[in-house]
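*Asks:* The structure's right below; bear with me while I get my questions together.
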Amino acid sequence: MEALQDKIKRLIDANFNRTREGLRVIEDIGRFVLDNRNITEKIKTLRSDLAQIEKDFDFTLSRDTENDVGTSLSSDIEEKRADIFDIFKANIKRVEESLRVLEEAFKTIDIEVSRRLKSMRYETYTIEKEIEAGIKEINGKKQD
């Protein structure tokens, strides 16, 4: 059973990383592309909340990047982005999906943390809508 629990910890560690990285990209879009303090603050708060959970459950020692069968896998779509909107969509989806994985995995460890992660996932849906509207508004202004 211990080996399986180590693998779950590894899965959690990878998804903490994925979530944090995606949040940083969308935070910078909110900050530097949209110049939107409110959105930037919401994402920064999500990153802080995630960091607190991660601190309480540090699974870094479960990491095994050298033997990860997925590190060399990629698809054409991952290597191409047409514009800032594509960058945003790829990263917000990365955040939402990895929060879902964390939510599910934490059901085996701590149900309260799982519920917090679920709430964070729903918050990203709202942020997604706000940023998407902001990018479309900027694009609309450029076309005038």
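Quick note on naming: the chains in the structure tokens go A, B, ... in the order shown, residues restart at 1 in each chain, and ligands are numbered from 1 in order of appearance.
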At a cut-off of 9 Å, using only C-alpha atoms, what residues contact Glu21 (chain A)? Leave out same-chain residues fewer than 5 positions from it and give the result as a PDB file with C-alpha atoms, in the first residue's frame.
*Replies:*
ATOM      1  CA  PHE A  16       0.640  21.315  -7.640  1.00  0.00           C
ATOM      2  CA  ILE A  26      -2.641  33.832 -16.298  1.00  0.00           C
ATOM      3  CA  ASN A  91      -3.047  27.807 -19.206  1.00  0.00           C
ATOM      4  CA  ARG A  94      -4.230  23.487 -17.387  1.00  0.00           C
ATOM      5  CA  VAL A  95      -5.150  25.080 -14.051  1.00  0.00           C
TER       6      VAL A  95
END
*Asks:* Extract, using only C-alpha atoms, all DNA, RNA and protein residues at most 12 Å from Asn36 (chain A), discarding same-chain residues fewer than 2 positions from it, and format them as a PyMOL selection string.
*Replies:* chain A and resi 26-34+38-43+127+130-131+133-135
*Asks:* Based on the selection just made, write C-alpha atoms of those residues as a PDB file, in the first residue's frame.
*Replies:*
ATOM      1  CA  ILE A  26      -2.641  33.832 -16.298  1.00  0.00           C
ATOM      2  CA  GLU A  27      -1.716  36.167 -13.444  1.00  0.00           C
ATOM      3  CA  ASP A  28       0.834  37.847 -15.695  1.00  0.00           C
ATOM      4  CA  ILE A  29      -1.760  38.145 -18.469  1.00  0.00           C
ATOM      5  CA  GLY A  30      -4.142  39.817 -16.033  1.00  0.00           C
ATOM      6  CA  ARG A  31      -1.388  42.098 -14.797  1.00  0.00           C
ATOM      7  CA  PHE A  32       0.583  43.003 -17.913  1.00  0.00           C
ATOM      8  CA  VAL A  33      -1.849  42.447 -20.787  1.00  0.00           C
ATOM      9  CA  LEU A  34      -5.132  43.497 -19.195  1.00  0.00           C
ATOM     10  CA  ASN A  38      -8.810  42.957  -9.532  1.00  0.00           C
ATOM     11  CA  ILE A  39      -8.110  39.906 -11.705  1.00  0.00           C
ATOM     12  CA  THR A  40      -4.425  39.962 -10.778  1.00  0.00           C
ATOM     13  CA  GLU A  41      -5.321  40.033  -7.090  1.00  0.00           C
ATOM     14  CA  LYS A  42      -7.797  37.139  -7.448  1.00  0.00           C
ATOM     15  CA  ILE A  43      -5.184  34.960  -9.123  1.00  0.00           C
ATOM     16  CA  ILE A 127     -11.683  34.195 -13.641  1.00  0.00           C
ATOM     17  CA  GLU A 130     -13.417  37.717 -16.810  1.00  0.00           C
ATOM     18  CA  ILE A 131     -10.066  37.394 -18.561  1.00  0.00           C
ATOM     19  CA  ALA A 133     -13.914  39.193 -21.828  1.00  0.00           C
ATOM     20  CA  GLY A 134     -10.928  41.455 -21.163  1.00  0.00           C
ATOM     21  CA  ILE A 135      -8.867  39.989 -23.994  1.00  0.00           C
TER      22      ILE A 135
END
*Asks:* So which residues touch Asp58 (chain A) within 10 Å, counting only C-alpha atoms, skipping near sequence neighbours fewer than 6 positions away, as an mmCIF file with C-alpha atoms, in the first residue's frame?
*Replies:*
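Generated file (part-v3.cif):
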data_model
loop_
_atom_site.group_PDB
_atom_site.id
_atom_site.type_symbol
_atom_site.label_atom_id
_atom_site.label_comp_id
_atom_site.auth_asym_id
_atom_site.auth_seq_id
_atom_site.Cartn_x
_atom_site.Cartn_y
_atom_site.Cartn_z
ATOM 1 C CA LYS A 9 1.893 11.810 -3.627
ATOM 2 C CA ILE A 12 -0.246 15.429 -6.322
ATOM 3 C CA ASP A 13 3.209 17.013 -6.512
ATOM 4 C CA PHE A 16 0.640 21.315 -7.640
ATOM 5 C CA ALA A 51 0.942 27.477 -1.691
ATOM 6 C CA GLN A 52 -0.505 27.094 1.808
#
*Asks:* Report the residues of chain A whose backbone DSSP state falls under helix (DSSP H, G or I), written as a PyMOL selection string.
*Replies:* chain A and resi 2-33+37-56+60-62+65-67+76-79+84-106+111-143
*Asks:* Residues near region 105-118 of chain A, anyone? I mean within 12 Å using only C-alpha atoms, not counting same-chain ones fewer than 4 positions away, as a ChimeraX atom specification.
*Replies:* /A:4-5,7-16,19,46-47,49-54,56-57,95-101,122-125
*Asks:* Kindly save the residues from that selection, with C-alpha atoms included, as an mmCIF file, in the first residue's frame.
*Replies:*
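File produced: result_33.cif:
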data_model
loop_
_atom_site.group_PDB
_atom_site.id
_atom_site.type_symbol
_atom_site.label_atom_id
_atom_site.label_comp_id
_atom_site.auth_asym_id
_atom_site.auth_seq_id
_atom_site.Cartn_x
_atom_site.Cartn_y
_atom_site.Cartn_z
ATOM 1 C CA LEU A 4 0.702 3.202 -4.138
ATOM 2 C CA GLN A 5 0.468 6.075 -1.651
ATOM 3 C CA LYS A 7 2.570 7.309 -6.402
ATOM 4 C CA ILE A 8 -0.459 9.348 -5.333
ATOM 5 C CA LYS A 9 1.893 11.810 -3.627
ATOM 6 C CA ARG A 10 3.869 12.031 -6.869
ATOM 7 C CA LEU A 11 0.671 12.692 -8.814
ATOM 8 C CA ILE A 12 -0.246 15.429 -6.322
ATOM 9 C CA ASP A 13 3.209 17.013 -6.512
ATOM 10 C CA ALA A 14 3.047 17.136 -10.324
ATOM 11 C CA ASN A 15 -0.386 18.737 -10.243
ATOM 12 C CA PHE A 16 0.640 21.315 -7.640
ATOM 13 C CA THR A 19 -1.485 24.481 -11.232
ATOM 14 C CA LEU A 46 -5.443 31.553 -5.534
ATOM 15 C CA ARG A 47 -1.680 31.047 -5.816
ATOM 16 C CA ASP A 49 -4.047 29.534 -1.118
ATOM 17 C CA LEU A 50 -2.495 26.772 -3.193
ATOM 18 C CA ALA A 51 0.942 27.477 -1.691
ATOM 19 C CA GLN A 52 -0.505 27.094 1.808
ATOM 20 C CA ILE A 53 -2.018 23.717 0.959
ATOM 21 C CA GLU A 54 1.207 22.658 -0.713
ATOM 22 C CA ASP A 56 0.978 21.599 4.585
ATOM 23 C CA PHE A 57 1.381 18.602 2.246
ATOM 24 C CA VAL A 95 -5.150 25.080 -14.051
ATOM 25 C CA GLU A 96 -8.745 23.825 -14.081
ATOM 26 C CA GLU A 97 -7.744 20.283 -15.019
ATOM 27 C CA SER A 98 -4.937 20.044 -12.483
ATOM 28 C CA LEU A 99 -7.167 21.440 -9.728
ATOM 29 C CA ARG A 100 -9.639 18.678 -10.574
ATOM 30 C CA VAL A 101 -6.894 16.056 -10.280
ATOM 31 C CA TYR A 122 -14.912 27.018 -9.464
ATOM 32 C CA GLU A 123 -13.189 30.351 -8.839
ATOM 33 C CA THR A 124 -11.013 29.723 -11.905
ATOM 34 C CA TYR A 125 -14.157 29.327 -14.023
#
*Asks:* I'd like to know which of A:Arg37, A:Lys55, A:Arg121, A:Lys89 is closest to Val25 (chain A), using only C-alpha atoms.
*Replies:*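 For Val25 (chain A), the nearest of the candidates is A:Lys89.
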*Asks:* What does the distance from CA of Phe59 (chain A) to CA of Asp6 (chain A) come to in Å, to one decimal?
*Replies:*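 Result for CA of Phe59 (chain A) versus CA of Asp6 (chain A): 8.8 Å, one decimal.
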*Asks:* So the first atom is CA of Met120 (chain A) and the second is CA of Asp35 (chain A); what is the distance between them in Å, to one decimal place?
*Replies:*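 So the two atoms, CA of Met120 (chain A) and CA of Asp35 (chain A), lie 22.6 Å apart.
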